Each structure stands twice: as structure tokens, then as C-alpha cells.
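Raw structure_10.txt, compact mmCIF, C-alpha atoms:
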```txt
# COMPACT_ATOMS: atom_id res chain seq x y z
CA MET A 102 0.00 0.00 0.00
CA SER A 103 1.45 3.40 -0.99
CA ASP A 104 2.28 6.10 1.52
CA SER A 105 -0.19 8.49 -0.17
CA ILE A 106 -3.06 6.06 0.37
CA VAL A 107 -2.02 5.50 3.98
CA ALA A 108 -1.83 9.26 4.54
CA SER A 109 -5.23 9.69 2.90
CA LYS A 110 -6.80 7.13 5.20
CA ALA A 111 -5.12 8.70 8.20
CA ASP A 112 -6.51 12.11 7.23
CA ARG A 113 -9.99 10.67 6.79
CA LEU A 114 -9.81 8.99 10.19
CA ALA A 115 -8.74 12.27 11.77
CA ARG A 116 -11.68 14.07 10.11
CA HIS A 117 -14.01 11.29 11.29
CA ASN A 118 -12.90 11.69 14.92
CA ALA A 119 -13.08 15.48 14.68
CA ALA A 120 -16.61 15.27 13.27
CA ILE A 121 -17.80 13.09 16.14
CA GLU A 122 -16.25 15.48 18.67
CA ALA A 123 -17.83 18.51 16.99
CA ALA A 124 -21.26 16.84 16.84
CA GLU A 125 -21.12 16.06 20.56
CA LYS A 126 -20.70 19.78 21.26
CA ASP A 127 -23.20 21.12 18.72
CA PRO A 128 -26.53 19.29 18.16
CA ALA A 129 -26.86 20.89 14.71
CA LEU A 130 -23.74 19.16 13.34
CA SER A 131 -23.56 15.74 11.73
CA PRO A 132 -21.39 13.11 13.46
CA GLU A 133 -20.49 11.90 9.96
CA THR A 134 -19.07 15.18 8.60
CA GLY A 135 -18.89 17.61 11.54
CA GLN A 136 -20.97 20.04 9.49
CA LYS A 137 -24.61 20.98 9.15
CA VAL A 138 -26.60 18.64 6.93
CA PRO A 139 -28.16 20.36 3.89
CA LYS A 140 -31.96 20.31 3.83
CA LYS A 141 -32.00 18.21 0.66
CA LYS A 142 -29.99 15.50 2.40
CA LEU A 143 -32.23 15.61 5.46
CA VAL A 144 -35.24 15.15 3.18
CA ARG A 145 -33.54 12.12 1.61
CA PHE A 146 -32.75 10.67 5.04
CA GLY A 147 -36.33 11.23 6.15
CA ALA A 148 -37.75 9.67 2.99
CA GLY A 149 -35.39 6.71 3.31
CA PHE A 150 -36.30 6.01 6.93
CA PHE A 151 -40.01 6.45 6.19
CA MET A 152 -40.15 4.19 3.14
CA PHE A 153 -37.95 1.57 4.82
CA GLY A 154 -40.42 1.37 7.70
CA VAL A 155 -43.43 1.30 5.37
CA PHE A 156 -42.10 -1.48 3.14
CA TRP A 157 -40.79 -3.95 5.70
CA MET A 158 -43.62 -3.45 8.16
CA THR A 159 -46.29 -3.68 5.46
CA GLY A 160 -44.81 -6.96 4.25
CA LEU A 161 -44.55 -8.33 7.76
CA GLY A 162 -48.01 -7.02 8.71
CA ILE A 163 -49.66 -8.80 5.78
CA VAL A 164 -48.30 -12.07 7.11
CA SER A 165 -48.11 -11.77 10.89
CA ILE A 166 -51.44 -10.04 11.55
CA VAL A 167 -53.73 -11.68 8.96
CA LEU A 168 -52.31 -14.45 6.77
CA LEU A 169 -50.35 -16.51 9.31
CA PRO A 170 -53.22 -16.78 11.81
CA GLU A 171 -55.34 -18.20 8.97
CA HIS A 172 -52.50 -20.32 7.59
CA TYR A 173 -51.99 -21.90 11.05
CA LYS A 174 -55.49 -23.37 10.77
CA GLN A 175 -54.22 -25.57 7.92
CA VAL A 176 -51.51 -27.09 10.13
CA ILE A 177 -52.77 -30.42 11.50
CA GLY A 178 -52.12 -31.60 15.04
CA ILE A 179 -51.88 -28.32 16.99
CA ARG A 180 -54.29 -25.55 17.95
CA PRO A 181 -53.72 -22.34 15.95
CA ASP A 182 -53.76 -20.09 19.03
CA VAL A 183 -51.11 -22.31 20.64
CA LEU A 184 -49.00 -22.62 17.50
CA ILE A 185 -48.86 -18.84 17.10
CA GLY A 186 -47.26 -18.56 20.53
CA TYR A 187 -44.62 -21.20 19.80
CA VAL A 188 -43.73 -19.85 16.37
CA ASN A 189 -43.43 -16.30 17.65
CA ALA A 190 -41.21 -17.50 20.48
CA CYS A 191 -38.85 -19.21 18.03
CA THR A 192 -38.76 -16.27 15.64
CA ALA A 193 -38.15 -13.87 18.51
CA VAL A 194 -35.11 -15.90 19.57
CA ALA A 195 -33.89 -15.79 15.95
CA SER A 196 -34.45 -12.02 15.91
CA LEU A 197 -32.66 -11.64 19.22
CA VAL A 198 -29.56 -13.39 17.89
CA ALA A 199 -29.69 -11.72 14.47
CA ASN A 200 -30.09 -8.20 15.86
CA LEU A 201 -27.04 -8.52 18.08
CA VAL A 202 -24.91 -10.36 15.51
CA PHE A 203 -25.59 -8.08 12.55
CA GLY A 204 -25.43 -4.92 14.66
CA THR A 205 -22.01 -5.94 15.96
CA PHE A 206 -20.72 -7.13 12.60
CA SER A 207 -21.78 -3.88 10.94
CA ASP A 208 -19.85 -1.97 13.63
CA ARG A 209 -16.78 -4.03 12.74
CA SER A 210 -17.24 -3.86 8.96
CA ARG A 211 -14.65 -1.95 6.94
CA SER A 212 -16.33 -2.35 3.55
CA ARG A 213 -15.69 0.19 0.81
CA PHE A 214 -19.48 0.39 0.49
CA GLY A 215 -19.79 1.51 4.12
CA ARG A 216 -20.38 -0.27 7.40
CA ARG A 217 -24.18 -0.49 7.19
CA THR A 218 -25.16 -0.62 3.49
CA PRO A 219 -24.11 -4.22 2.62
CA PHE A 220 -26.06 -5.64 5.55
CA ILE A 221 -29.20 -3.68 4.65
CA LEU A 222 -29.16 -5.06 1.10
CA LEU A 223 -28.38 -8.63 2.18
CA GLY A 224 -31.15 -8.54 4.77
CA GLY A 225 -33.74 -7.40 2.24
CA VAL A 226 -33.03 -10.34 -0.05
CA LEU A 227 -33.00 -12.97 2.70
CA GLY A 228 -36.04 -11.59 4.52
CA GLY A 229 -38.18 -11.24 1.41
CA VAL A 230 -37.50 -14.73 0.06
CA MET A 231 -38.09 -16.45 3.39
CA LEU A 232 -41.27 -14.49 4.13
CA PHE A 233 -42.78 -15.84 0.91
CA LEU A 234 -41.63 -19.41 1.62
CA THR A 235 -43.33 -19.29 5.03
CA GLY A 236 -46.69 -19.47 3.29
CA THR A 237 -45.78 -22.39 1.02
CA THR A 238 -45.72 -25.17 3.64
CA ASN A 239 -48.18 -26.75 6.07
CA ASN A 240 -45.39 -28.45 8.02
CA ALA A 241 -45.13 -26.75 11.43
CA VAL A 242 -41.36 -27.31 11.74
CA LEU A 243 -40.49 -26.13 8.23
CA LEU A 244 -42.82 -23.15 8.57
CA THR A 245 -41.02 -22.15 11.76
CA VAL A 246 -37.59 -22.51 10.11
CA TYR A 247 -38.60 -20.31 7.18
CA TYR A 248 -40.07 -17.67 9.46
CA CYS A 249 -36.97 -17.68 11.66
CA LEU A 250 -34.75 -17.17 8.60
CA CYS A 251 -37.04 -14.32 7.58
CA MET A 252 -36.36 -12.71 10.96
CA PHE A 253 -32.62 -13.12 10.36
CA GLY A 254 -32.99 -11.17 7.14
CA LEU A 255 -35.26 -8.55 8.65
CA ASN A 256 -32.94 -7.83 11.56
CA CYS A 257 -29.96 -7.84 9.23
CA MET A 258 -31.64 -4.72 7.80
CA ILE A 259 -33.02 -3.16 10.96
CA ALA A 260 -29.89 -3.26 13.17
CA PRO A 261 -27.65 -1.34 10.72
CA MET A 262 -30.48 0.95 9.64
CA THR A 263 -31.20 2.18 13.16
CA ALA A 264 -27.46 2.59 13.78
CA THR A 265 -27.46 5.05 10.88
CA ILE A 266 -29.38 7.49 13.08
CA SER A 267 -26.45 7.50 15.51
CA ASP A 268 -23.77 7.48 12.79
CA ARG A 269 -25.03 10.20 10.49
CA ILE A 270 -27.88 12.25 11.98
CA PRO A 271 -27.31 15.39 14.14
CA SER A 272 -28.69 14.94 17.64
CA GLY A 273 -30.86 18.03 17.21
CA VAL A 274 -33.00 16.39 14.54
CA ARG A 275 -32.92 12.77 15.67
CA GLY A 276 -36.43 13.03 17.01
CA THR A 277 -37.66 14.09 13.57
CA MET A 278 -35.72 11.34 11.79
CA SER A 279 -36.93 8.82 14.35
CA ALA A 280 -40.44 10.10 13.62
CA PHE A 281 -40.04 9.35 9.91
CA TYR A 282 -38.94 5.81 10.69
CA GLY A 283 -41.60 5.42 13.36
CA ALA A 284 -44.31 6.79 11.08
CA GLY A 285 -43.33 4.42 8.31
CA SER A 286 -43.28 1.32 10.48
CA THR A 287 -46.38 2.35 12.42
CA ILE A 288 -48.59 2.92 9.37
CA GLY A 289 -46.97 -0.03 7.59
CA SER A 290 -48.55 -2.44 10.05
CA PRO A 291 -52.17 -1.36 9.46
CA ILE A 292 -51.53 -1.09 5.71
CA GLY A 293 -50.27 -4.66 5.88
CA SER A 294 -53.32 -5.90 7.74
CA LEU A 295 -55.57 -3.99 5.33
CA ILE A 296 -53.89 -5.62 2.32
CA GLY A 297 -53.80 -8.98 4.08
CA ALA A 298 -57.58 -8.89 4.55
CA PHE A 299 -57.97 -9.01 0.75
CA PHE A 300 -55.95 -12.24 0.62
CA VAL A 301 -57.57 -13.98 3.59
CA THR A 302 -59.19 -16.59 1.33
CA ASN A 303 -56.27 -16.78 -1.15
CA LEU A 304 -53.12 -16.90 0.93
CA ILE A 305 -50.23 -17.68 -1.45
CA PRO A 306 -50.47 -14.46 -3.53
CA GLY A 307 -50.57 -12.54 -0.26
CA PHE A 308 -47.39 -14.20 0.97
CA ALA A 309 -45.72 -13.47 -2.39
CA LEU A 310 -46.63 -9.77 -2.21
CA ALA A 311 -45.41 -9.60 1.39
CA GLY A 312 -42.04 -11.06 0.40
CA VAL A 313 -41.62 -8.57 -2.43
CA LEU A 314 -42.41 -5.64 -0.13
CA MET A 315 -39.88 -6.73 2.48
CA PHE A 316 -37.24 -7.19 -0.23
CA LEU A 317 -37.95 -3.70 -1.56
CA GLY A 318 -37.50 -2.25 1.94
CA GLY A 319 -33.74 -2.76 1.84
CA ILE A 320 -33.37 -1.68 -1.79
CA VAL A 321 -35.44 1.50 -1.48
CA ALA A 322 -33.71 2.54 1.75
CA VAL A 323 -30.25 2.33 0.19
CA VAL A 324 -31.39 4.21 -2.92
CA LEU A 325 -33.08 7.06 -1.04
CA ILE A 326 -30.62 7.68 1.79
CA PRO A 327 -27.47 9.64 0.83
CA ARG A 328 -24.70 7.25 -0.09
CA GLU A 329 -22.65 6.01 2.84
CA GLU A 330 -18.95 6.68 2.50
CA SER A 331 -16.38 3.90 2.48
CA ALA A 332 -15.35 2.57 5.88
CA ASP A 333 -11.92 1.40 4.71
CA TYR A 334 -10.13 4.17 6.62
CA LEU A 335 -11.38 3.04 10.03
CA PRO A 336 -8.93 1.08 12.19
CA ALA A 337 -9.13 -2.64 11.47
CA ALA A 338 -11.32 -4.52 13.91
CA ASP A 339 -9.67 -7.30 15.88
CA LYS A 340 -10.25 -10.60 14.12
CA GLY A 341 -9.28 -13.19 16.72
CA PHE A 342 -12.07 -15.48 17.93
CA LYS A 343 -11.77 -14.18 21.49
CA ASP A 344 -11.93 -10.57 20.29
CA VAL A 345 -15.02 -11.27 18.19
CA ILE A 346 -16.76 -12.93 21.14
CA MET A 347 -15.80 -10.09 23.48
CA SER A 348 -17.20 -7.54 21.01
CA PHE A 349 -20.70 -8.78 21.90
CA ARG A 350 -20.34 -7.63 25.51
CA PRO A 351 -23.19 -5.38 26.65
CA PRO A 352 -22.34 -2.03 28.31
CA LYS A 353 -21.28 -2.16 31.95
CA PHE A 354 -24.24 -1.71 34.29
CA SER A 355 -22.21 0.64 36.50
CA THR A 356 -21.92 3.19 33.68
CA GLY A 357 -25.06 2.31 31.72
CA HIS A 358 -27.98 2.67 34.14
CA ASP A 359 -30.03 4.72 31.66
CA PHE A 360 -29.27 2.21 28.91
CA TYR A 361 -30.83 -0.63 30.89
CA LYS A 362 -33.77 1.47 32.10
CA ALA A 363 -34.57 2.25 28.46
CA PHE A 364 -34.27 -1.46 27.66
CA VAL A 365 -36.77 -2.52 30.34
CA GLY A 366 -39.17 0.31 29.49
CA ARG A 367 -39.18 -0.66 25.82
CA LEU A 368 -39.53 -4.36 26.69
CA CYS A 369 -42.63 -3.79 28.81
CA MET A 370 -44.24 -1.65 26.14
CA LEU A 371 -43.48 -4.12 23.34
CA VAL A 372 -44.79 -7.10 25.32
CA SER A 373 -48.02 -5.17 25.86
CA TYR A 374 -48.21 -4.22 22.18
CA GLN A 375 -47.51 -7.74 20.91
CA MET A 376 -50.08 -9.31 23.24
CA ILE A 377 -52.90 -7.42 21.55
CA SER A 378 -51.53 -6.80 18.05
CA VAL A 379 -50.60 -10.38 17.17
CA TYR A 380 -53.95 -11.67 18.46
CA GLN A 381 -56.16 -9.05 16.78
CA MET A 382 -57.71 -11.54 14.38
CA TYR A 383 -58.43 -14.05 17.15
CA ILE A 384 -59.74 -11.33 19.49
CA VAL A 385 -62.26 -10.20 16.88
CA GLU A 386 -63.27 -13.78 16.05
CA ASN A 387 -63.25 -15.40 19.51
CA TYR A 388 -63.75 -12.51 21.97
CA VAL A 389 -66.02 -10.21 19.97
CA GLY A 390 -67.66 -13.19 18.23
CA GLN A 391 -67.40 -12.52 14.50
CA SER A 392 -66.99 -14.91 11.57
CA VAL A 393 -63.77 -15.01 9.53
CA LYS A 394 -65.20 -12.73 6.81
CA GLN A 395 -66.72 -10.34 9.35
CA ALA A 396 -63.43 -10.28 11.26
CA ALA A 397 -61.51 -9.53 8.06
CA ALA A 398 -63.79 -6.57 7.40
CA THR A 399 -63.40 -5.33 10.98
CA ILE A 400 -59.62 -5.69 10.80
CA SER A 401 -59.68 -3.60 7.62
CA VAL A 402 -61.48 -0.76 9.39
CA ILE A 403 -59.19 -1.07 12.41
CA SER A 404 -56.23 -0.86 10.05
CA VAL A 405 -57.45 2.34 8.42
CA ILE A 406 -58.15 3.98 11.79
CA THR A 407 -54.76 2.92 13.16
CA MET A 408 -52.97 4.08 10.04
CA VAL A 409 -54.48 7.57 10.17
CA VAL A 410 -54.02 8.27 13.88
CA SER A 411 -50.55 6.69 13.96
CA LEU A 412 -49.40 8.83 11.07
CA VAL A 413 -50.71 11.97 12.75
CA GLY A 414 -49.08 11.03 16.06
CA SER A 415 -45.75 10.23 14.43
CA ILE A 416 -45.60 13.37 12.31
CA VAL A 417 -46.39 15.64 15.25
CA ALA A 418 -44.49 13.94 18.08
CA GLY A 419 -41.00 13.64 16.55
CA PRO A 420 -40.52 17.30 15.56
CA PHE A 421 -42.24 18.40 18.78
CA SER A 422 -39.72 16.32 20.76
CA ASP A 423 -36.85 18.08 18.95
CA PHE A 424 -38.50 21.47 19.51
CA ILE A 425 -38.89 21.06 23.28
CA GLY A 426 -35.61 19.14 23.60
CA ARG A 427 -37.24 16.30 25.52
CA ARG A 428 -37.71 12.59 24.83
CA LYS A 429 -39.21 11.14 28.01
CA VAL A 430 -42.40 13.19 28.18
CA PRO A 431 -43.75 12.15 24.74
CA VAL A 432 -42.82 8.49 25.39
CA VAL A 433 -44.58 8.44 28.78
CA VAL A 434 -47.71 10.19 27.46
CA ALA A 435 -47.80 7.76 24.53
CA SER A 436 -47.57 4.74 26.83
CA VAL A 437 -50.46 5.96 28.98
CA CYS A 438 -52.54 6.63 25.86
CA PHE A 439 -51.78 3.12 24.61
CA ALA A 440 -52.89 1.62 27.94
CA ILE A 441 -56.19 3.53 27.77
CA GLY A 442 -56.73 2.21 24.25
CA ILE A 443 -56.26 -1.39 25.36
CA ALA A 444 -58.93 -0.86 28.02
CA MET A 445 -61.57 -0.10 25.38
CA PRO A 446 -62.28 -3.66 24.12
CA TRP A 447 -61.88 -4.95 27.67
CA VAL A 448 -64.75 -2.70 28.79
CA LEU A 449 -66.65 -2.94 25.47
CA PRO A 450 -66.18 -6.38 23.89
CA THR A 451 -67.79 -5.16 20.67
CA THR A 452 -66.80 -3.88 17.26
CA THR A 453 -67.05 -0.35 18.68
CA GLY A 454 -64.61 -1.28 21.44
CA MET A 455 -62.12 -2.53 18.84
CA TYR A 456 -62.48 0.69 16.85
CA LEU A 457 -61.85 2.76 19.99
CA TYR A 458 -58.80 0.60 20.68
CA ALA A 459 -57.53 1.31 17.17
CA ALA A 460 -58.01 5.08 17.56
CA ILE A 461 -56.60 5.58 21.07
CA ALA A 462 -53.93 2.89 21.20
CA GLY A 463 -52.94 3.60 17.59
CA LEU A 464 -52.34 7.25 18.42
CA GLY A 465 -50.33 6.30 21.49
CA TYR A 466 -48.18 3.79 19.66
CA GLY A 467 -47.62 6.23 16.78
CA VAL A 468 -46.26 8.84 19.20
CA TYR A 469 -44.22 6.19 21.02
CA SER A 470 -42.63 4.82 17.85
CA SER A 471 -41.71 8.27 16.57
CA VAL A 472 -39.73 9.31 19.66
CA ASP A 473 -38.55 6.06 21.25
CA GLN A 474 -35.78 5.40 18.70
CA ALA A 475 -34.31 8.86 19.34
CA LEU A 476 -34.45 8.14 23.08
CA LEU A 477 -32.54 4.90 22.55
CA VAL A 478 -29.82 6.67 20.56
CA ASP A 479 -29.51 9.31 23.28
CA VAL A 480 -28.81 6.72 26.00
CA LEU A 481 -26.03 4.93 24.08
CA PRO A 482 -22.86 4.84 26.19
CA ASN A 483 -20.47 4.45 23.19
CA LYS A 484 -21.36 5.86 19.76
CA GLU A 485 -18.64 3.80 18.06
CA GLU A 486 -20.53 0.66 19.08
CA ALA A 487 -23.93 2.00 18.08
CA GLY A 488 -24.84 -1.03 15.97
CA LYS A 489 -24.13 -3.48 18.76
CA ASP A 490 -25.67 -1.41 21.55
CA LEU A 491 -28.78 -0.55 19.54
CA GLY A 492 -28.96 -4.23 18.67
CA ILE A 493 -29.07 -4.97 22.40
CA LEU A 494 -31.75 -2.33 22.96
CA ASN A 495 -33.71 -3.67 20.01
CA LEU A 496 -33.61 -7.07 21.69
CA ALA A 497 -36.41 -5.58 23.78
CA THR A 498 -38.50 -5.62 20.62
CA THR A 499 -37.68 -9.21 19.81
CA LEU A 500 -38.16 -10.32 23.40
CA GLY A 501 -41.49 -8.54 23.27
CA GLN A 502 -42.33 -10.48 20.12
CA MET A 503 -41.47 -13.68 21.96
CA CYS A 504 -42.97 -12.99 25.37
CA GLY A 505 -46.11 -11.14 24.23
CA PRO A 506 -47.68 -14.02 22.27
CA LEU A 507 -46.52 -16.58 24.84
CA ILE A 508 -48.08 -14.62 27.71
CA MET A 509 -51.22 -14.00 25.67
CA SER A 510 -51.48 -17.66 24.66
CA SER A 511 -51.04 -18.82 28.26
CA ILE A 512 -53.65 -16.39 29.58
CA VAL A 513 -56.18 -17.19 26.84
CA VAL A 514 -55.85 -20.95 27.38
CA ALA A 515 -56.03 -20.66 31.17
CA ALA A 516 -58.54 -17.86 31.74
CA GLY A 517 -59.81 -16.45 28.44
CA TYR A 518 -59.32 -13.07 26.81
CA SER A 519 -60.84 -10.95 29.60
CA LEU A 520 -57.74 -11.33 31.80
CA ALA A 521 -55.29 -10.55 28.99
CA PHE A 522 -56.33 -6.91 28.66
CA PRO A 523 -55.53 -5.78 32.24
CA VAL A 524 -52.19 -7.59 32.07
CA ALA A 525 -51.30 -5.71 28.86
CA ILE A 526 -52.40 -2.42 30.45
CA ALA A 527 -50.24 -3.04 33.53
CA LEU A 528 -47.16 -3.79 31.41
CA ALA A 529 -47.53 -0.58 29.39
CA LEU A 530 -47.73 1.46 32.59
CA ILE A 531 -44.75 -0.32 34.18
CA GLY A 532 -42.76 0.63 31.08
CA CYS A 533 -43.62 4.29 31.84
CA VAL A 534 -42.06 4.06 35.25
CA PHE A 535 -38.71 2.85 33.90
CA ILE A 536 -38.63 5.58 31.25
CA MET A 537 -39.31 8.24 33.91
CA TRP A 538 -36.38 6.88 35.94
CA ILE A 539 -33.89 7.71 33.16
CA LYS A 540 -31.69 10.56 34.41
CA GLY A 541 -29.33 11.37 31.51
CA VAL A 542 -32.06 12.28 29.02
CA LYS A 543 -34.76 14.89 29.51
```

As C-alpha cells, what does this structure read like?
Amino acid sequence: MSDSIVASKADRLARHNAAIEAAEKDPALSPETGQKVPKKKLVRFGAGFFMFGVFWMTGLGIVSIVLLPEHYKQVIGIRPDVLIGYVNACTAVASLVANLVFGTFSDRSRSRFGRRTPFILLGGVLGGVMLFLTGTTNNAVLLTVYYCLCMFGLNCMIAPMTATISDRIPSGVRGTMSAFYGAGSTIGSPIGSLIGAFFVTNLIPGFALAGVLMFLGGIVAVVLIPREESADYLPAADKGFKDVIMSFRPPKFSTGHDFYKAFVGRLCMLVSYQMISVYQMYIVENYVGQSVKQAAATISVISVITMVVSLVGSIVAGPFSDFIGRRKVPVVVASVCFAIGIAMPWVLPTTTGMYLYAAIAGLGYGVYSSVDQALLVDVLPNKEEAGKDLGILNLATTLGQMCGPLIMSSIVVAAGYSLAFPVAIALALIGCVFIMWIKGVK
């Protein structure tokens, strides 16, 4: 390697370190360049985060909320409401591993295409193909394997994508960028369930469309977001087996109290969300008492309501959080709103109760999603390990995906749906307490 190239890399590394230092002092500066980000680039970042969330969550929503619950009925030898708990537990474990692994590996990547970009593209391909294959088998084991591999692909995209907020976005607009991502993923879920309702009697085309949408999530994100610069100038990551294993270490508890409070707060909220969201179809059929076709129509209306209020909540909450310079207040208010929404079908086990749930809880979760990611970035103890540490924090999501359906399944089998609602409400409120205990973020 020539001396000029070495000098060039050394200069780029020096500029990289200076940019991070400047961004820590001035919330208007980018940690990537140490300068203000032009408005056109911010628009591209916002569009990229938004469309990424829309595409992957729409694809996943088509399957997880509508098609899979119906597809499970074709699996012989196990009750659908029990199978959904087991499959979600397995896929959550896969997500847990994938989030940590790909977040850490992207931190350690020195690719000329950037640290995050290759993983986002790879994840889109793997996730999309496996999401489609999930709907092609009636074998419970093979179905679970396909869905787990889909989660590997999905989290191969999500872990590096969320780390981009820490790597490249000024802290002063992270709430807004988090809002774009939160808005996309929040409205993607009801769009997915709305589309899924059209395929409830013809599942395979629905699974195919879902796979294509998840695949496009990675492609569209990379196209829209400003190109990531090469990471070849960064110091080489240690490559010994021991060093790789040690790179997965979570932050020390003694210096990361806020980090772990944010983790528990997010976990409680996501368990609450997954308990109700994953079981929406069964709640409408078995608790409210509708037929499959009636339930599909109700889910469609719920999806539209959720989409509208979530979009409004996301658009307003993120910029408002940046304006007031606070993250905890919007997150706490959103969690309380979500808890109130869950109470609606508990008190009114009717179609009206489900619509009120969609309106109130949807608004709460839209606000929560738009600000929570910015809160997570703000509690990171080491920005150079953002991929790994955000991967750990995002484990709260995957643990929520695992524990929520398991808890819901256990409660429904043992005591019916009426007990599930107060448990979900309690978890959302407990999450509030942990968020309020965070000291390093306003």
C-alpha cells in the first residue's frame, strides 16, 4: 500500500474523529461530517427512513397479523392459538440473535461500500424470500424454520439501519428522523393488515406480495438515503475469535444505568403491544364473536383507523420532541394513551370497542414509535458501538415479540381473553415508570 493512500486514510480517520467530537458539542452538526446537513440530504434521510419502515412493516403485517393466523389453521395436530405462541417464540429468539450479531458485525465492517449498506441489502433479499416461503408449507417445523430465517434477514436490515441514526444524523433532529422511521413502520402495520384482509381466502399471492415488499424495503432505503462513504479508513477490527466474542459484551451496568432502564421500558411496552396486536384476528373472532369474513372486514377498518391516527401522532411527536428538547415526556404520554386504548375492548367487547382501541392505542403507539428510537440513541454509552448497543436495545422488541404471544397464549388458554387486557395495560404502565427513571435524558 502506498504512503499516499495510507496518509489519505489517516486524514480521513482524523476528520471522522473530529466530526464526532464537533457533533457532541453542537446538536446541529452531523457526526459523519462535523458540518450541518443540507436540507435536501435531510429530506432524503427522512424519505429513506419512512419508506424503509413502510415497506418492511407492510410486508410483515400482511403475514403476521392476517395471513399466518389463517394459515396456522391448515396445520394439522396443533391448535392455531397455541401454534402462534410457539412460532413467535422461536422467531423472537432468531431475531434476538440476528439483531445482536448483525449490529455488531456492521460496527466491525470496513467495507468500501460503508459499514451499514451491505447488511441492509443482504437482509432485504434474505427476509423477502423467506417471508414468501413461510406461506408455502403446512409443516409446522419447516414453517417455523422459514419464518426464523425471515427474521434473520429482517434484523440484518433493521440493526444497521437504526445505527445510521447515531452514525449520520445530528442529535438536534434525531427526534424528527426517528419520527419518519416510526411513522413508516407504524402505518406499515395497518396497511399490511388492510392488504392482508384481501388475501384472507387466497393466501399464497398474499405471501408473495409480502415477500416482495420486504425485499424492496432494503433496496429502497439504500437508494433514497445519501450514499454512505467507504469505511476502509477506520482502524481494522480485531479478528481473533476471542476478540469477536468479546465484542458482543453489553455495556457495563455501573456506567449504563439509563441504557438498561430504556431497555426494560421498551420491553414492557413491546410485550403489551404484541399481546394485543398479534392476536387481533383471534380477538375479533373469539372474543367479539365474529366470523372469519366479518373479522376480516373489521380488521380492515381497524387498520385504516390505526394508520391515520398513527401517522398523525408520528408526524407531530418527533418534531415536537426536537422542539422542546425532551424525549421522556412524549414516550410516557404515549404509553399511557396506549394503555387507555387497550382498556376499550376490555370494557366494550364489541366492534365499537375494537375501533376505539384502534383510535386511542394507535395514536399512542404512533407517538411512542416516533420518539422512542431517538431516546434509545440518546442513552447509548459508546457511539462507536452503536450497531451493537442498539442491537441490544432492540432485543427488547424481539423479546417482546417472543414474550407477548406466549403470555397472551397462556392467559387465553387458562382464563380467556378478559384477563389478557388488564395484564397488557399493567405492562404498558410499568414501562412508563422505567422511562421516567432515566436521568441522563430529559

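Restricting the calculation to all atoms listed in the file, the smallest distance between Gly465 of chain A and any of A:Ser196, A:Thr452, A:Ser411, A:Thr498 is found for A:Ser411.
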
*asked:* From the options A:Thr453, A:Phe421, A:Arg116, A:Val433, which residue's atoms come nearest to Gly276 of chain A, counting all atoms listed in the file?
replied: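 Residue with the minimum atom-to-atom distance to Gly276 of chain A: A:Phe421.
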
*Computed interatomic separation between atom CA of Ala462 of chain A and atom CA of Val437 of chain A (Å)*: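 Taking atom CA of Ala462 of chain A as the start and atom CA of Val437 of chain A as the end point, the length is 9.1 Å.
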
_Residue list as a ChimeraX atom specification for point (-20.4, 15.4, 14.1), cut-off 9 Å, only C-alpha atoms_ = /A:117-137,268-271

*In Å to one decimal, how far is atom CA of Ile461 of chain A from atom CA of Val409 of chain A?*
11.3 Å

_Selected residue, from A:Asn387, A:Ser210, A:Gln375, A:Ser404, that lies nearest to Pro336 of chain A when counting all atoms listed in the file_ =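 Counting all atoms listed in the file, the residue closest to Pro336 of chain A is A:Ser210.
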
*For Arg275 of chain A: contacts at 10 Å, only C-alpha atoms, fewer than 3 positions along chain excluded, given as a ChimeraX atom specification*: /A:128,266-267,269-272,278-281,419-420,422-423,471-472,474-476,478-479

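The interatomic distance for the pair atom CA of Thr399 of chain A and atom CA of Ser165 of chain A works out to 16.6 Å.
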
_From A:Leu477, A:Ile508, A:Val167, A:Ile221, residue lying nearest Ser401 of chain A [only C-alpha atoms]_ =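 Of A:Leu477, A:Ile508, A:Val167, A:Ile221, the one nearest Ser401 of chain A, counting only C-alpha atoms, is A:Val167.
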
*Between A:Ser294, A:Ser207, A:Ser331, A:Asn495, single out the one closest to Ala396 of chain A, counting all atoms listed in the file.*
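The closest residue to Ala396 of chain A is A:Ser294.
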
*Neighbour residues at most 7 Å from (-27.5, -4.2, 16.9) (all atoms listed in the file) as a VMD selection string*: chain A and resid 200 to 205 260 to 261 488 to 493 495

*Between A:Gly215, A:Pro450, A:Gly366, A:Gly414, which is the closest to Gly467 of chain A once you count all atoms listed in the file?*
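Nearest to Gly467 of chain A: A:Gly414.
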
Any chance you could work out the axis-aligned box around segment 190-206 of chain A, listed atoms only, 4 Å on each side, giving centre and edge lengths in Å to one decimal, as JSON?
```
{"center_x": -31.0, "center_y": -12.1, "center_z": 16.5, "size_x": 28.5, "size_y": 22.3, "size_z": 15.9}
```

_Long-range neighbours of Gly307 of chain A as a PyMOL selection string, 8 Å cut-off, all atoms listed in the file, 3 positions minimum in chain_ = chain A and resi 163-164+168+297+300+303-304+310-311

*Near-segment 521-537 of chain A list (7 Å; all atoms listed in the file; drop same-chain fewer than 4 positions) as number ranges by chain*: A: 362-363, 365-367, 369-370, 373, 376, 429, 433, 436-437, 440, 443-444, 447, 509, 512

*Surrounding residues of Asn189 of chain A excluding itself and chain neighbours under 5 positions, 9 Å, all atoms listed in the file, as a list of chain:residue names*: A:Leu184, A:Val194, A:Thr245, A:Tyr248, A:Cys249, A:Gln502, A:Met503, A:Cys504, A:Gly505, A:Pro506, A:Leu507

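Residue neighbourhood of Gly224 of chain A, excluding near-sequence residues (fewer than 3 positions): Pro219, Phe220, Ile221, Leu227, Gly228, Gly229, Cys251, Phe253, Gly254, Leu255, Asn256, Cys257, Met258, Ile259, Phe316 and Gly319 of chain A, at 9 Å, using all atoms listed in the file.
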